[in-house]
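protein-v5.txt, holding compact mmCIF, C-alpha atoms:
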```txt
# COMPACT_ATOMS: atom_id res chain seq x y z
CA MET G 11 87.32 113.57 119.04
CA GLU G 12 88.58 110.94 121.43
CA GLU G 13 88.01 108.21 118.88
CA ASP G 14 90.75 109.64 116.74
CA GLU G 15 93.30 109.23 119.47
CA PHE G 16 92.82 105.52 119.77
CA PHE G 17 93.87 103.64 116.68
CA GLY G 18 92.11 100.34 117.32
CA GLU G 19 91.73 97.33 115.10
CA LYS G 20 88.37 98.50 113.77
CA THR G 21 89.84 101.82 112.76
CA PHE G 22 92.74 99.97 111.18
CA GLN G 23 90.37 97.83 109.13
CA HIS G 24 88.32 100.84 108.11
CA PHE G 25 91.30 102.74 106.76
CA CYS G 26 92.64 99.64 105.03
CA ALA G 27 89.30 99.19 103.32
CA GLU G 28 89.39 102.77 102.08
CA PHE G 29 92.96 102.33 100.96
CA ILE G 30 92.12 99.17 99.05
CA LYS G 31 89.17 100.88 97.38
CA HIS G 32 91.56 103.33 95.81
CA SER G 33 94.06 100.60 95.04
CA GLN G 34 91.38 98.83 93.04
CA GLN G 35 90.56 102.02 91.17
CA ILE G 36 94.14 102.32 89.97
CA SER G 37 94.91 98.59 89.83
CA ASP G 38 97.65 98.91 92.38
CA GLY G 39 97.30 95.31 93.52
CA TRP G 40 96.54 95.53 97.25
CA GLU G 41 94.30 92.85 98.73
CA TRP G 42 92.69 92.14 102.05
CA ARG G 43 93.27 88.76 103.63
CA THR G 44 91.68 87.26 106.68
CA SER G 45 92.95 84.40 108.74
CA LYS G 46 90.69 81.37 108.78
CA ASP G 47 89.98 81.10 112.43
CA CYS G 48 89.76 84.63 113.73
CA SER G 49 88.78 88.11 112.78
CA GLU G 50 92.34 89.32 112.23
CA GLY G 51 92.92 90.66 108.80
CA TYR G 52 95.71 92.31 106.93
CA MET G 53 96.51 94.02 103.68
CA CYS G 54 99.05 92.64 101.26
CA LYS G 55 100.65 93.27 97.93
CA THR G 56 103.14 91.40 95.78
CA GLN G 57 105.42 93.08 93.31
CA PHE G 58 108.31 92.02 91.14
CA GLN G 59 111.52 93.91 90.78
CA MET G 60 114.88 93.36 89.21
CA LYS G 61 117.63 92.76 91.67
CA PRO G 62 120.56 94.50 90.09
CA GLY G 63 123.61 92.44 89.36
CA THR G 64 126.86 93.84 88.01
CA LEU G 65 126.56 96.34 85.21
CA VAL G 66 128.33 95.14 82.06
CA SER G 67 128.41 96.37 78.48
CA HIS G 68 127.04 93.86 76.02
CA PRO G 69 126.52 95.12 72.48
CA GLY G 70 123.64 93.37 70.85
CA THR G 71 122.19 91.71 73.89
CA SER G 72 119.89 92.97 76.51
CA ALA G 73 118.29 92.16 79.76
CA HIS G 74 115.98 95.10 79.71
CA VAL G 75 113.19 94.32 82.08
CA GLN G 76 110.62 96.60 83.55
CA THR G 77 109.31 96.25 87.06
CA CYS G 78 105.94 94.67 87.63
CA LEU G 79 105.83 92.76 84.37
CA PRO G 80 104.51 89.24 84.62
CA VAL G 81 107.54 87.06 85.07
CA GLU G 82 107.09 84.80 82.08
CA GLU G 83 106.86 87.74 79.73
CA ALA G 84 109.98 89.31 81.11
CA LEU G 85 112.14 86.23 80.73
CA GLU G 86 111.08 85.45 77.21
CA LEU G 87 111.79 88.82 75.63
CA PRO G 88 114.08 88.21 72.66
CA PRO G 89 117.35 90.17 72.70
CA ASP G 90 116.98 91.28 69.09
CA ASP G 91 114.25 93.73 69.86
CA PHE G 92 116.38 95.90 72.05
CA GLU G 93 119.10 98.35 71.44
CA VAL G 94 120.20 98.48 75.00
CA THR G 95 123.90 97.97 75.10
CA GLU G 96 124.20 97.50 78.80
CA THR G 97 122.97 94.56 80.76
CA THR G 98 123.12 93.63 84.35
CA ALA G 99 124.90 90.33 84.51
CA GLY G 100 123.56 88.08 87.19
CA SER G 101 120.43 90.16 87.60
CA GLU G 102 117.40 88.26 88.69
CA VAL G 103 113.75 88.89 89.23
CA VAL G 104 112.86 89.27 92.86
CA LYS G 105 109.41 88.87 94.31
CA TYR G 106 108.60 91.33 97.11
CA GLU G 107 105.69 90.86 99.41
CA TYR G 108 104.41 93.64 101.64
CA HIS G 109 101.94 92.98 104.42
CA VAL G 110 100.28 95.56 106.60
CA LEU G 111 99.13 94.21 109.95
CA TYR G 112 97.77 95.73 113.09
CA SER G 113 99.91 95.58 116.21
CA CYS G 114 97.83 95.21 119.36
CA SER G 115 100.76 95.97 121.60
CA TYR G 116 101.76 99.21 119.86
CA GLN G 117 98.25 100.02 118.58
CA VAL G 118 99.63 101.03 115.22
CA PRO G 119 99.97 99.40 111.82
CA VAL G 120 103.15 97.48 111.13
CA LEU G 121 104.84 96.76 107.82
CA TYR G 122 105.99 93.19 107.27
CA PHE G 123 107.91 92.33 104.13
CA ARG G 124 109.93 89.60 102.55
CA ALA G 125 111.67 88.98 99.28
CA SER G 126 112.59 85.85 97.38
CA PHE G 127 113.92 84.80 94.01
CA LEU G 128 111.51 83.04 91.73
CA ASP G 129 112.86 79.65 92.68
CA GLY G 130 111.87 80.32 96.26
CA ARG G 131 115.28 81.25 97.67
CA PRO G 132 114.69 83.96 100.21
CA LEU G 133 116.69 87.16 100.15
CA ALA G 134 118.74 87.89 103.21
CA LEU G 135 118.42 91.23 104.90
CA LYS G 136 121.82 92.12 103.53
CA ASP G 137 120.49 91.74 99.98
CA ILE G 138 117.37 93.73 100.77
CA TRP G 139 119.58 96.51 102.05
CA GLU G 140 120.94 97.02 98.57
CA GLY G 141 117.46 97.84 97.34
CA ILE G 142 116.85 100.46 99.97
CA HIS G 143 116.96 104.03 98.83
CA GLU G 144 120.29 105.68 99.59
CA CYS G 145 118.68 108.47 101.54
CA TYR G 146 117.46 106.05 104.19
CA LYS G 147 120.62 104.03 104.51
CA SER G 148 122.52 106.51 106.62
CA GLN G 149 119.54 106.80 108.93
CA LEU G 150 118.91 103.12 109.25
CA LEU G 151 122.53 102.11 109.43
CA GLN G 152 122.84 103.76 112.77
CA GLU G 153 120.70 101.13 114.38
CA PRO G 154 119.81 98.63 111.65
CA TRP G 155 119.13 95.63 113.78
CA ASP G 156 116.76 97.55 115.99
CA THR G 157 114.92 99.03 113.08
CA ILE G 158 114.41 96.06 110.79
CA THR G 159 114.03 92.76 112.55
CA GLN G 160 112.97 89.32 111.50
CA GLN G 161 109.77 88.09 113.05
CA GLU G 162 107.16 85.45 112.61
CA HIS G 163 104.16 86.66 110.66
CA PRO G 164 101.29 86.61 113.19
CA VAL G 165 98.88 84.99 110.76
CA LEU G 166 101.05 83.01 108.33
CA GLY G 167 103.61 81.91 110.88
CA GLN G 168 106.45 82.42 108.42
CA PRO G 169 109.54 84.59 108.85
CA PHE G 170 109.19 88.13 107.61
CA PHE G 171 111.19 91.27 108.03
CA VAL G 172 109.47 93.93 110.03
CA LEU G 173 109.97 97.67 110.21
CA HIS G 174 109.85 98.34 113.91
CA PRO G 175 106.78 100.31 114.93
CA CYS G 176 108.01 101.93 118.11
CA LYS G 177 108.45 105.35 116.54
CA THR G 178 105.28 105.30 114.48
CA ASN G 179 103.32 107.47 116.86
CA GLU G 180 106.10 109.99 116.85
CA PHE G 181 105.93 110.75 113.16
CA MET G 182 102.20 110.20 112.75
CA THR G 183 101.04 112.44 115.60
CA PRO G 184 102.06 115.79 114.06
CA VAL G 185 100.33 114.89 110.80
CA LEU G 186 97.13 113.86 112.55
CA GLU G 187 97.10 116.85 114.86
CA ASN G 188 97.74 119.23 112.01
CA SER G 189 94.82 117.84 110.08
CA ARG G 190 92.54 117.89 113.07
CA LYS G 191 93.22 121.60 113.52
CA ILE G 192 91.91 122.35 110.06
CA ASN G 193 89.02 119.88 110.17
CA ARG G 194 90.39 117.44 107.70
CA SER G 195 90.30 113.70 108.21
CA VAL G 196 93.37 111.66 107.38
CA ASN G 197 93.50 108.12 106.14
CA TYR G 198 96.03 106.91 108.67
CA ILE G 199 97.05 103.92 106.57
CA THR G 200 97.64 105.92 103.40
CA SER G 201 99.63 108.55 105.23
CA TRP G 202 101.64 106.04 107.24
CA LEU G 203 102.41 103.81 104.29
CA SER G 204 103.56 106.76 102.19
CA ILE G 205 106.17 107.41 104.86
CA VAL G 206 107.42 103.92 105.69
CA GLY G 207 106.92 102.25 102.32
CA PRO G 208 109.80 103.89 100.43
CA VAL G 209 112.21 102.78 103.13
CA VAL G 210 111.74 99.21 101.99
CA GLY G 211 111.19 99.72 98.31
CA LEU G 212 107.45 100.29 98.32
CA ASN G 213 106.46 103.53 96.61
CA LEU G 214 102.84 104.58 96.58
CA PRO G 215 101.58 106.17 93.36
CA LEU G 216 100.81 109.86 93.77
CA SER G 217 97.10 109.41 93.22
CA TYR G 218 96.80 108.07 96.74
CA ALA G 219 97.68 111.54 97.95
CA ARG G 220 94.24 112.86 97.14
CA THR G 221 92.64 110.18 99.25
CA ALA G 222 95.06 110.65 102.12
CA SER G 223 93.25 113.65 103.47
CA GLN G 224 89.81 115.07 102.97
CA ASP G 225 87.61 117.79 104.39
CA GLU G 226 85.40 116.51 107.11
CA LEU Y 12 101.80 135.50 84.30
CA SER Y 13 102.90 138.89 85.60
CA LYS Y 14 101.60 137.95 89.02
CA MET Y 15 103.80 134.90 89.02
CA ALA Y 16 106.76 137.04 88.08
CA GLU Y 17 106.15 139.22 91.09
CA GLU Y 18 106.02 136.22 93.33
CA SER Y 19 109.19 134.85 91.82
CA GLU Y 20 111.05 138.02 92.60
CA SER Y 21 110.22 137.72 96.25
CA ALA Y 22 111.03 134.03 96.31
CA LEU Y 23 114.57 132.96 96.93
CA GLN Y 24 116.26 130.70 94.46
CA LEU Y 25 116.96 127.26 95.81
CA PRO Y 26 120.68 126.59 95.43
CA PRO Y 27 121.52 123.96 92.83
CA SER Y 28 121.57 120.39 93.98
CA THR Y 29 125.15 119.87 95.11
CA ALA Y 30 125.21 116.20 94.32
CA ALA Y 31 123.87 116.57 90.78
CA GLU Y 32 127.30 116.41 89.16
CA GLY Y 33 128.67 113.85 91.52
CA GLU Y 34 131.27 116.30 92.68
CA GLY Y 35 130.40 115.89 96.30
CA PRO Y 36 128.82 118.40 98.63
CA THR Y 37 130.23 121.87 98.72
CA GLU Y 38 129.51 122.22 102.41
CA VAL Y 39 130.85 119.93 105.05
CA SER Y 40 128.03 117.79 106.29
CA PRO Y 41 128.79 115.08 108.79
CA GLU Y 42 126.35 112.45 107.62
CA THR Y 43 125.06 113.34 104.22
CA ALA Y 44 123.55 110.40 102.40
CA THR Y 45 124.52 110.26 98.77
CA PRO Y 46 121.38 110.27 96.67
CA ASP Y 47 120.97 108.01 93.66
CA PRO Y 48 122.29 109.55 90.44
CA PRO Y 49 119.58 111.89 89.17
CA SER Y 50 117.92 111.44 85.82
CA SER Y 51 119.58 113.28 82.99
CA ALA Y 52 117.06 116.10 83.12
CA ALA Y 53 117.76 116.94 86.74
CA VAL Y 54 121.20 118.43 86.22
CA SER Y 55 121.16 122.09 87.05
CA PRO Y 56 124.59 123.66 86.83
CA GLY Y 57 122.33 126.54 87.77
CA THR Y 58 123.81 129.92 88.32
CA GLU Y 59 121.97 132.93 87.05
CA GLU Y 60 118.67 131.84 85.72
CA PRO Y 61 116.37 134.79 85.19
CA ALA Y 62 113.91 135.14 88.05
CA GLY Y 63 111.08 135.44 85.58
CA ASP Y 64 111.89 132.10 83.92
CA THR Y 65 108.67 130.64 85.18
CA LYS Y 66 108.79 127.64 82.90
CA LYS Y 67 111.73 126.11 84.66
CA LYS Y 68 111.05 126.86 88.29
CA ILE Y 69 108.18 126.14 90.60
CA ASP Y 70 107.20 128.41 93.45
CA VAL Y 71 107.17 126.28 96.54
CA LEU Y 72 105.72 127.40 99.85
CA LEU Y 73 107.11 125.48 102.79
CA LYS Y 74 105.03 125.15 105.94
CA ALA Y 75 106.20 123.60 109.19
CA VAL Y 76 104.18 120.97 111.01
CA GLY Y 77 104.22 120.25 114.72
CA ASP Y 78 107.30 121.31 116.65
CA THR Y 79 109.43 121.62 113.55
CA PRO Y 80 111.32 124.91 113.35
CA ILE Y 81 109.82 127.40 110.96
CA MET Y 82 112.06 128.50 108.14
CA LYS Y 83 112.52 132.26 107.96
CA THR Y 84 112.28 132.04 104.22
CA LYS Y 85 109.22 130.09 103.31
CA LYS Y 86 108.93 130.72 99.63
CA TRP Y 87 111.43 129.19 97.25
CA ALA Y 88 111.80 128.90 93.49
CA VAL Y 89 112.67 125.29 92.77
CA GLU Y 90 113.61 123.59 89.49
CA ARG Y 91 110.93 121.28 88.18
CA THR Y 92 113.29 118.36 88.26
CA ARG Y 93 114.39 118.78 91.85
CA THR Y 94 113.42 115.64 93.72
CA ILE Y 95 111.70 115.43 97.06
CA GLN Y 96 114.88 113.96 98.47
CA GLY Y 97 116.85 116.90 97.19
CA LEU Y 98 114.42 119.24 98.88
CA ILE Y 99 114.60 117.25 102.11
CA ASP Y 100 118.38 117.44 102.11
CA PHE Y 101 118.20 121.17 101.57
CA ILE Y 102 115.73 121.82 104.39
CA LYS Y 103 117.70 119.58 106.76
CA LYS Y 104 120.83 121.60 106.12
CA PHE Y 105 118.93 124.85 106.39
CA LEU Y 106 117.44 123.86 109.73
CA LYS Y 107 120.72 122.31 110.85
CA LEU Y 108 119.16 119.02 111.79
CA VAL Y 109 121.38 116.32 113.23
CA ALA Y 110 121.90 112.99 111.52
CA SER Y 111 119.49 111.11 113.73
CA GLU Y 112 116.64 113.42 112.80
CA GLN Y 113 114.56 112.59 109.78
CA LEU Y 114 112.58 115.15 107.81
CA PHE Y 115 109.38 114.37 105.97
CA ILE Y 116 107.68 116.39 103.29
CA TYR Y 117 103.93 116.11 102.65
CA VAL Y 118 101.53 117.06 99.92
CA ASN Y 119 97.90 117.52 100.81
CA GLN Y 120 99.23 117.83 104.39
CA SER Y 121 99.21 114.09 104.83
CA PHE Y 122 100.92 112.19 102.03
CA ALA Y 123 104.68 111.76 101.74
CA PRO Y 124 105.73 111.50 98.09
CA SER Y 125 108.51 109.03 97.23
CA PRO Y 126 112.02 110.46 97.47
CA ASP Y 127 112.49 110.40 93.69
CA GLN Y 128 109.29 112.27 92.94
CA GLU Y 129 109.96 115.55 91.13
CA VAL Y 130 108.68 118.92 92.27
CA GLY Y 131 107.36 119.64 88.78
CA THR Y 132 105.13 116.58 88.84
CA LEU Y 133 103.86 117.46 92.31
CA TYR Y 134 103.06 120.96 91.14
CA GLU Y 135 101.05 119.61 88.22
CA CYS Y 136 99.03 117.42 90.56
CA PHE Y 137 98.72 119.58 93.64
CA GLY Y 138 99.71 123.09 92.70
CA SER Y 139 97.25 125.95 92.83
CA ASP Y 140 97.43 129.73 92.54
CA GLY Y 141 100.76 129.34 90.83
CA LYS Y 142 102.47 127.57 93.71
CA LEU Y 143 102.96 124.27 95.42
CA VAL Y 144 102.38 124.11 99.15
CA LEU Y 145 104.47 121.52 100.94
CA HIS Y 146 104.38 120.74 104.62
CA TYR Y 147 107.51 119.52 106.34
CA CYS Y 148 107.96 117.82 109.66
CA LYS Y 149 110.98 116.55 111.55
CA SER Y 150 110.97 113.37 113.53
CA GLN Y 151 113.07 110.64 114.99
CA ALA Y 152 111.45 108.04 112.85
CA TRP Y 153 113.51 104.96 113.01
CA GLY Y 154 114.75 102.57 115.62
```

Translate this structure into C-alpha cells?
Amino acid sequence: MEEDEFFGEKTFQHFCAEFIKHSQQISDGWEWRTSKDCSEGYMCKTQFQMKPGTLVSHPGTSAHVQTCLPVEEALELPPDDFEVTETTAGSEVVKYEYHVLYSCSYQVPVLYFRASFLDGRPLALKDIWEGIHECYKSQLLQEPWDTITQQEHPVLGQPFFVLHPCKTNEFMTPVLENSRKINRSVNYITSWLSIVGPVVGLNLPLSYARTASQDE
Amino acid sequence: LSKMAEESESALQLPPSTAAEGEGPTEVSPETATPDPPSSAAVSPGTEEPAGDTKKKIDVLLKAVGDTPIMKTKKWAVERTRTIQGLIDFIKKFLKLVASEQLFIYVNQSFAPSPDQEVGTLYECFGSDGKLVLHYCKSQAWG
C-alpha cells in the first residue's frame, strides 16, 4: 500500500497513540504533549537513574538506590536497613527526559533527550556518554558529533541532544518490508524506539514487543 | 521432550561468550566493543555440555532480513543467560561484518530487545514449538 511508504505526521501521531495506549497499560510513563499554538505533538517520558560515581567499599553504609524510584524516597532511605557494603561515592540521581518528535524534513521520528541533576544542572554530552551501553560506544565513537548533536527542541525551544535521523530509513525499511511480505502491520514507533532507545539509555520493556507487529 | 533432543542434536552449540571471564576475546577482532560485565549467572566456561541438556540451552532459529547475508547454520543451541548483545557479537563475527556495520536482532520480526535481555527470557515470552525465532538485520545505523 502506498500509504505505508509515506510516514507522514498523521501516521506518526497514530502510532504514537497506539504506543501510549500500551504504555498506559503497563504504567511505563509515556505521555502525549501538544504545543499550544499548533497541531504539532510529541511523546515524552521522564525517568530517574543513578549516575555512577566512583565505586568504594563502605562497611555499614549504603547508597543502594533503584532506578525509577521517586526521588524523595530514594534519598531518605536509612543506611541501617541495608547490608550493601559497596557504595558509589559521588553518585547522584539524574533525571532523563526522552522526547519523540516528528521530523518534517526527514519524514521520520526523531529522538530528543536531555539529562540533568536534580538541582537543575544539565549533564554534558560527555557525561551522557558514560551511561551509554558499551556495545554502542565503538559504533558511535567513530562519528560521535555527527550522530548525537545538540539542537533546539522544536516545541519547547530548549537545548536537547538529538540522535541524528539520517539513517533511520536505512534500518527501518528492511523491517517494514519484511512485515509487509507476510501481511503483518508494524507499529513504526515501537519498532523504531526499540532500536534507537537503548543507545541513549532508554530500554523498552519486552511487553511492547507483542504490540510491535500484528497480523493485518 | 524427545523431539527437542532430536532438534538439539542437529543444532550447533553456540561457542561460549568469550568476554564472560574478562579474559579478552580469543579471536582477533579489530573493533570489538567490550560488553558490560555479565550477571553472575551468565558465566559459561562451557565446554562439553550434553546436547540433550535441554534445561540449560535454548534452540534459536536465526532468520535474515533484507539484504543481510544468510547464515549457513541457522539453528543454534544457546545458553539461557546469553544476552542479545552476546548473540549480536557472535553473528557479526560469523558474518564477518566490518566495524561500521551494525547488526540488529528482532523478536516478533519487529521489536529489538535491549542488549542485556537474556535469550532465556525471550524464549519464555516468544518461544514456540520448542524454539525461539529471531530475525537479524545488518545496517549502517548511525551517523

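Distance criterion 7 Å to chain Y, applied with only C-alpha atoms, yields Glu144, Cys145, Ser148, Gln149, Leu150, Glu153, Asp156, Thr157, His174, Lys177, Thr178, Glu180, Phe181, Pro184, Val185, Asn188, Val196, Ser201, Ser204, Ile205, Pro208, Asn213, Leu216, Ala219, Arg220, Ala222 and Ser223 of chain G on chain G.
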
To one decimal place, how far is CA of Phe29 (chain G) from CA of Leu128 (chain G) in Å?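 It comes out at 28.3 Å.
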
Would you mind listing what lies within 8 Å of Ile158 (chain G) as a PyMOL selection string, with all atoms listed in the file counted and same-chain residues fewer than 6 positions away left out? chain G and resi 171-174

Any chance you could export the current selection's C-alpha atoms as a tab-separated table (two decimals), in the frame of the given file?
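Okay, this is what ended up in again.tsv:
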```tsv
chain	number	residue	atom	x	y	z
G	171	PHE	CA	111.19	91.27	108.03
G	172	VAL	CA	109.47	93.93	110.03
G	173	LEU	CA	109.97	97.67	110.21
G	174	HIS	CA	109.85	98.34	113.91
```

How far is it from CA of Glu19 (chain G) to CA of Val118 (chain G), in Å with one decimal? 8.7 Å

Within 10 Å of Ala134 (chain G), counting only C-alpha atoms, which residues show up once you throw out same-chain ones fewer than 6 positions away? Write them as an NGL selection string, please. :G and (124-126 or 171)

When you count all atoms listed in the file, which of these residues is closest to Glu50 (chain G): G:Ile192, G:Ser113, G:Asn197, G:Lys136? G:Ser113

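When CA of Trp87 (chain Y) is paired with CA of Lys74 (chain Y), their separation reads 11.5 Å.
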